[in-house]
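Participant: Please find one structure pasted underneath; my questions will follow.
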Amino acid sequence: MTSFKPVRKAVFPVAGLGTRFLPATKAVPKEMLTVVDKPVIQYAVEEARAAGIEHFIFVTGRNKSVIEDHFDIQVELEQTLRERGKAEALATLAEFLPGPGQTSFTRQQEPLGLGHAVWCARELVGDEPFALLLPDMVMQDVDGCLSSMVRLYERTGGNIIATEEVAWEETHKYGVVETGEAVDGGFQITGMVEKPPAGTAPSNLFINGRYILQPEIFAILSEHQKGAGGEIQITDAMARLMQIQKFYGYRFTGRTFDCGSKEGFVKANVAFAMWQPELADALRPEFEALIEQAE
Ligand code: G1P
């Protein structure tokens with residue numbers, strides 16, 4: 001069996017302003033808003049870690065330094081917890097913390113689009129395949145979305161994009177793929193388009209925010225070609241890379257919450273609360289009462 005270069009690094013674009021969540025995001029980055037008991041960004045980092053990622057690259061912006069603090073040791077806090085014998089809290093902190101030298105931070109100085117944010121990570125990624133996770137998209141599944149993608153990549157190599165079904169009327173909001181022949185665990189991608197105008201989408205499979213990409217994408221991104229919304233789009237760069245490299249789609253079957261929208265954020269909170277048995281027991285009567293009131 002051919003073995004492909006392993007996916008060791010992951011890029012997390014976290015430079016967005018989060019204007020949809022003002023005033024909550026005035027002083028707190030939107031990636032640090034909590035879904036139940038973890039900041040949004042932590043879900044993506046944990047998903048990456050479960051998939052075997054060893055280096056976590058954050059493309060940040062101004063006022064985002066608290067993200068860097070979150071993924072560092074908090075010496076005083078840990079000391080206090082140790083003194084008070086709070087072993088469980090200490091373990092919770094240690095569980096998700098990347099090791100020394102496993103994180104890198106760079107800045108996207110101007111909001112020129114997702115493709116531009118990814119390009120800002122080019123030196124940190126270097127000449128190897130990498131994962132790209134859009135942290136706004138919080139995934140709920142027993143098996144992480146990226147883990148399943150890595151398994152597909154180990155069979156196919158090339159580039160992998162996670163996709164999901166969406167209502168046809170919603171396709172204009174996302175990147176959408178055109179599907180080709182099935183492969184073991186996925187399908188070949190024969191085309192893709194960013195935010196297709198209503199009625200023109202090649203399928204109703206949208207790009208849900210998880211990618212495995214080959215480093216050749218950076219040469220294309222460095223041309224800074226603008227696309228939908230006047231921004232440098234990762235989808236356009238991938239469509240060009242597809243002319244010389246293979247792209248495969250993975251169909252995610254878990255649940256995805258778009259935590260960049262209030263609706264998705266609240267739904268994620270409810271869904272992840274219901275995943276914790278104790279909270280679920282406490283909340284169920286409350287939800288039932290609310291539904292009854294609304295009927
Ligand atoms: C980005 C991508 C798009 C993808 C979406 C998922 O769009 O460009 O292809 O479908 O994320 O959330 P954005 O949400 O930044 O407009």
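Convention: chains lettered A, B, ... in structure tokens order; per-chain residue numbering from 1; ligands numbered from 1 as shown.
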Env of range 113-122 of chain A: 10 Å cut, atoms = only C-alpha atoms, seq-sep filter 2 positions within chain, self excluded. Answer as number ranges by chain.
Facilitator: A: 10-16, 57-61, 104-111, 124-127, 132, 134, 215, 217-238
Participant: Per residue of chain A within 6 Å of ligand 1, which atom pair is closest and at what distance in Å (one decimal), using only C-alpha atoms and all ligand atoms, listed by chain and increasing number, as a Markdown table?
Facilitator:
| residue | atom | partner | partner_atom_place_in_ligand_line | distance |
| --- | --- | --- | --- | --- |
| A:Tyr174 | CA | ligand 1 | 10 (O) | 3.7 |
| A:Gly175 | CA | ligand 1 | 9 (O) | 3.3 |
| A:Glu194 | CA | ligand 1 | 9 (O) | 5.5 |
| A:Phe206 | CA | ligand 1 | 10 (O) | 5.7 |
| A:Ile207 | CA | ligand 1 | 10 (O) | 4.2 |
| A:Asn208 | CA | ligand 1 | 6 (C) | 4.6 |
| A:Gly209 | CA | ligand 1 | 6 (C) | 4.6 |
| A:Thr235 | CA | ligand 1 | 9 (O) | 5.8 |
Participant: Run DSSP on the backbone and tell me which residues of range 8-221 of chain A come out as strand (DSSP E); list them as a VMD selection string.
Facilitator: chain A and resid 9 to 13 34 to 35 38 to 39 55 to 60 103 to 107 130 to 133 137 to 140 159 to 165 175 to 183 186 to 194 205 to 213
Participant: Nearest to Lys267 in chain A: which of A:His70, A:Met139, A:Thr80, A:Lys64 is it, counting only C-alpha atoms?
Facilitator: A:Met139
Participant: Each residue of range 229-266 of chain A lying at most 10 Å from range 19-42 of chain A should get a row with its shortest atom-to-atom pair and the distance in Å to one decimal, counting only C-alpha atoms; could you produce that, ordered by chain and increasing number, as CSV?
Facilitator:
residue,atom,partner,partner_atom,distance
A:Cys259,CA,A:Val40,CA,7.7
A:Gly260,CA,A:Arg20,CA,7.5
A:Ser261,CA,A:Arg20,CA,7.1
A:Lys262,CA,A:Phe21,CA,7.3
A:Phe265,CA,A:Val35,CA,7.4
A:Val266,CA,A:Val35,CA,8.2
Participant: List the neighbours of Leu146 in chain A out to 9 Å using only C-alpha atoms; skip same-chain residues closer than 3 positions along the sequence, and give me the result as a CSV table (one decimal) with N, CA, C and O atoms, in the first residue's frame.
Facilitator:
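That gives us selection_17.csv:
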chain,number,residue,atom,x,y,z
A,47,GLU,N,-10.6,18.2,18.2
A,47,GLU,CA,-10.9,17.3,17.0
A,47,GLU,C,-9.6,17.1,16.2
A,47,GLU,O,-9.3,15.9,15.8
A,48,ALA,N,-8.7,18.1,16.1
A,48,ALA,CA,-7.5,18.0,15.4
A,48,ALA,C,-6.5,17.0,16.1
A,48,ALA,O,-5.9,16.2,15.6
A,50,ALA,N,-7.3,14.7,18.2
A,50,ALA,CA,-7.8,13.3,18.1
A,50,ALA,C,-7.5,12.7,16.8
A,50,ALA,O,-7.4,11.4,16.6
A,51,ALA,N,-7.3,13.5,15.8
A,51,ALA,CA,-6.9,13.0,14.4
A,51,ALA,C,-5.4,12.9,14.2
A,51,ALA,O,-5.0,12.5,13.1
A,131,ALA,N,-3.9,20.1,7.7
A,131,ALA,CA,-5.4,20.2,7.9
A,131,ALA,C,-5.8,21.6,8.0
A,131,ALA,O,-5.0,22.4,8.6
A,133,LEU,N,-9.0,23.8,9.7
A,133,LEU,CA,-10.3,23.7,10.4
A,133,LEU,C,-10.8,25.0,10.6
A,133,LEU,O,-10.1,25.9,11.2
A,143,ASP,N,-17.0,9.9,16.3
A,143,ASP,CA,-15.7,9.9,15.6
A,143,ASP,C,-15.5,11.3,15.0
A,143,ASP,O,-16.3,11.7,14.3
A,149,MET,N,-11.5,11.9,8.0
A,149,MET,CA,-10.8,12.4,6.8
A,149,MET,C,-9.4,11.9,6.6
A,149,MET,O,-8.9,11.6,5.6
A,150,VAL,N,-8.7,11.8,7.8
A,150,VAL,CA,-7.3,11.3,7.8
A,150,VAL,C,-7.3,9.9,7.3
A,150,VAL,O,-6.5,9.5,6.5
A,151,ARG,N,-8.3,9.1,7.8
A,151,ARG,CA,-8.4,7.7,7.3
A,151,ARG,C,-8.6,7.6,5.8
A,151,ARG,O,-8.0,6.8,5.2
A,162,ALA,N,-14.3,17.9,3.5
A,162,ALA,CA,-15.5,17.4,4.1
A,162,ALA,C,-16.7,18.1,3.6
A,162,ALA,O,-16.6,19.3,3.4
A,210,ARG,N,-13.8,21.6,7.0
A,210,ARG,CA,-12.7,20.8,7.3
A,210,ARG,C,-12.0,20.4,6.0
A,210,ARG,O,-12.7,19.9,5.1
A,211,TYR,N,-10.7,20.5,6.0
A,211,TYR,CA,-10.0,20.2,4.7
A,211,TYR,C,-8.6,19.5,5.1
A,211,TYR,O,-8.1,19.8,6.1
A,212,ILE,N,-8.1,18.7,4.1
A,212,ILE,CA,-6.7,18.3,4.1
A,212,ILE,C,-6.2,18.8,2.8
A,212,ILE,O,-6.7,18.4,1.7
Participant: Pick from A:Pro196, A:Gly185, A:Gly99, A:Gly18: nearest to Glu54 in chain A, with only C-alpha atoms counted?
Facilitator: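 Between A:Pro196, A:Gly185, A:Gly99, A:Gly18, the residue approaching Glu54 in chain A most closely is A:Gly99.
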Participant: Arg251 in chain A: which residues within 8 Å, counting only C-alpha atoms, same-chain residues fewer than 3 positions away excluded, as a PyMOL selection string?
Facilitator: chain A and resi 162-164+186
Participant: Given the selection you just returned, output its residues as a file containing N, CA and C atoms, formatted as an mmCIF file, in the first residue's frame.
Facilitator:
data_model
loop_
_atom_site.group_PDB
_atom_site.id
_atom_site.type_symbol
_atom_site.label_atom_id
_atom_site.label_comp_id
_atom_site.auth_asym_id
_atom_site.auth_seq_id
_atom_site.Cartn_x
_atom_site.Cartn_y
_atom_site.Cartn_z
ATOM 1 N N ALA A 162 -14.257 17.904 3.505
ATOM 2 C CA ALA A 162 -15.451 17.359 4.150
ATOM 3 C C ALA A 162 -16.674 18.098 3.624
ATOM 4 N N THR A 163 -17.729 17.346 3.389
ATOM 5 C CA THR A 163 -18.952 17.941 2.852
ATOM 6 C C THR A 163 -20.146 17.412 3.628
ATOM 7 N N GLU A 164 -21.242 18.095 3.424
ATOM 8 C CA GLU A 164 -22.475 17.697 4.099
ATOM 9 C C GLU A 164 -23.656 18.137 3.257
ATOM 10 N N GLY A 186 -15.524 7.658 0.329
ATOM 11 C CA GLY A 186 -15.765 9.016 -0.137
ATOM 12 C C GLY A 186 -16.091 9.062 -1.617
#
Participant: Taking only range 44-258 of chain A into account, list the residues labelled alpha helix (DSSP H) by DSSP (computed from the backbone), as a compact mmCIF listing (two decimals) with C-alpha atoms, in the first residue's frame.
Facilitator:
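Final output, saved to result-v4.txt:
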# COMPACT_ATOMS: atom_id res chain seq x y z
CA ALA A 44 -11.66 22.28 16.75
CA VAL A 45 -8.30 21.87 18.51
CA GLU A 46 -9.51 18.73 20.29
CA GLU A 47 -10.87 17.34 17.01
CA ALA A 48 -7.47 17.97 15.39
CA ARG A 49 -5.62 16.36 18.24
CA ALA A 50 -7.82 13.28 18.12
CA SER A 65 -4.06 37.24 22.39
CA VAL A 66 -6.38 35.56 24.88
CA ILE A 67 -6.51 32.58 22.48
CA GLU A 68 -2.75 32.20 22.91
CA ASP A 69 -3.17 32.36 26.68
CA HIS A 70 -5.87 29.72 26.56
CA VAL A 75 0.95 28.79 36.35
CA GLU A 76 -0.87 30.59 39.19
CA LEU A 77 -4.17 28.91 38.51
CA GLU A 78 -2.58 25.46 38.44
CA GLN A 79 -0.66 26.14 41.62
CA THR A 80 -3.81 27.24 43.41
CA LEU A 81 -5.72 24.19 42.19
CA ARG A 82 -2.87 21.92 43.32
CA GLU A 83 -2.79 23.53 46.78
CA ALA A 87 -7.33 17.09 40.94
CA GLU A 88 -10.31 16.94 38.58
CA ALA A 89 -10.04 20.60 37.56
CA LEU A 90 -6.29 20.18 37.05
CA ALA A 91 -6.85 17.15 34.86
CA THR A 92 -9.42 19.08 32.77
CA LEU A 93 -6.81 21.77 32.12
CA ALA A 94 -4.06 19.29 31.25
CA GLU A 95 -6.29 17.23 28.94
CA PHE A 96 -6.52 19.67 26.06
CA LEU A 114 -10.14 32.94 4.05
CA GLY A 115 -7.65 32.13 1.28
CA HIS A 116 -5.49 35.00 2.44
CA ALA A 117 -5.66 33.82 6.07
CA VAL A 118 -4.47 30.35 5.02
CA TRP A 119 -1.68 31.87 2.90
CA ARG A 122 2.58 29.20 4.55
CA GLU A 123 5.95 29.52 6.31
CA LEU A 124 4.68 27.69 9.38
CA VAL A 125 3.22 24.85 7.35
CA CYS A 145 -14.75 14.60 11.32
CA LEU A 146 -11.02 15.15 10.79
CA SER A 147 -10.16 11.64 12.05
CA SER A 148 -12.41 10.13 9.38
CA MET A 149 -10.84 12.41 6.76
CA VAL A 150 -7.34 11.33 7.76
CA ARG A 151 -8.40 7.69 7.35
CA LEU A 152 -9.66 8.50 3.84
CA TYR A 153 -6.44 10.39 3.07
CA GLU A 154 -4.36 7.39 4.14
CA ARG A 155 -6.07 5.45 1.34
CA THR A 156 -6.23 8.12 -1.37
CA ILE A 217 -2.09 25.47 -2.61
CA PHE A 218 0.20 28.23 -1.31
CA ALA A 219 1.70 29.04 -4.72
CA ILE A 220 -1.83 29.59 -6.04
CA LEU A 221 -2.89 31.65 -3.02
CA ILE A 234 -9.74 29.14 -0.54
CA THR A 235 -12.39 27.45 -2.74
CA ASP A 236 -11.12 29.25 -5.87
CA ALA A 237 -7.53 28.22 -5.09
CA MET A 238 -8.65 24.61 -4.54
CA ALA A 239 -10.57 24.65 -7.84
CA ARG A 240 -7.32 25.63 -9.57
CA LEU A 241 -5.24 23.06 -7.68
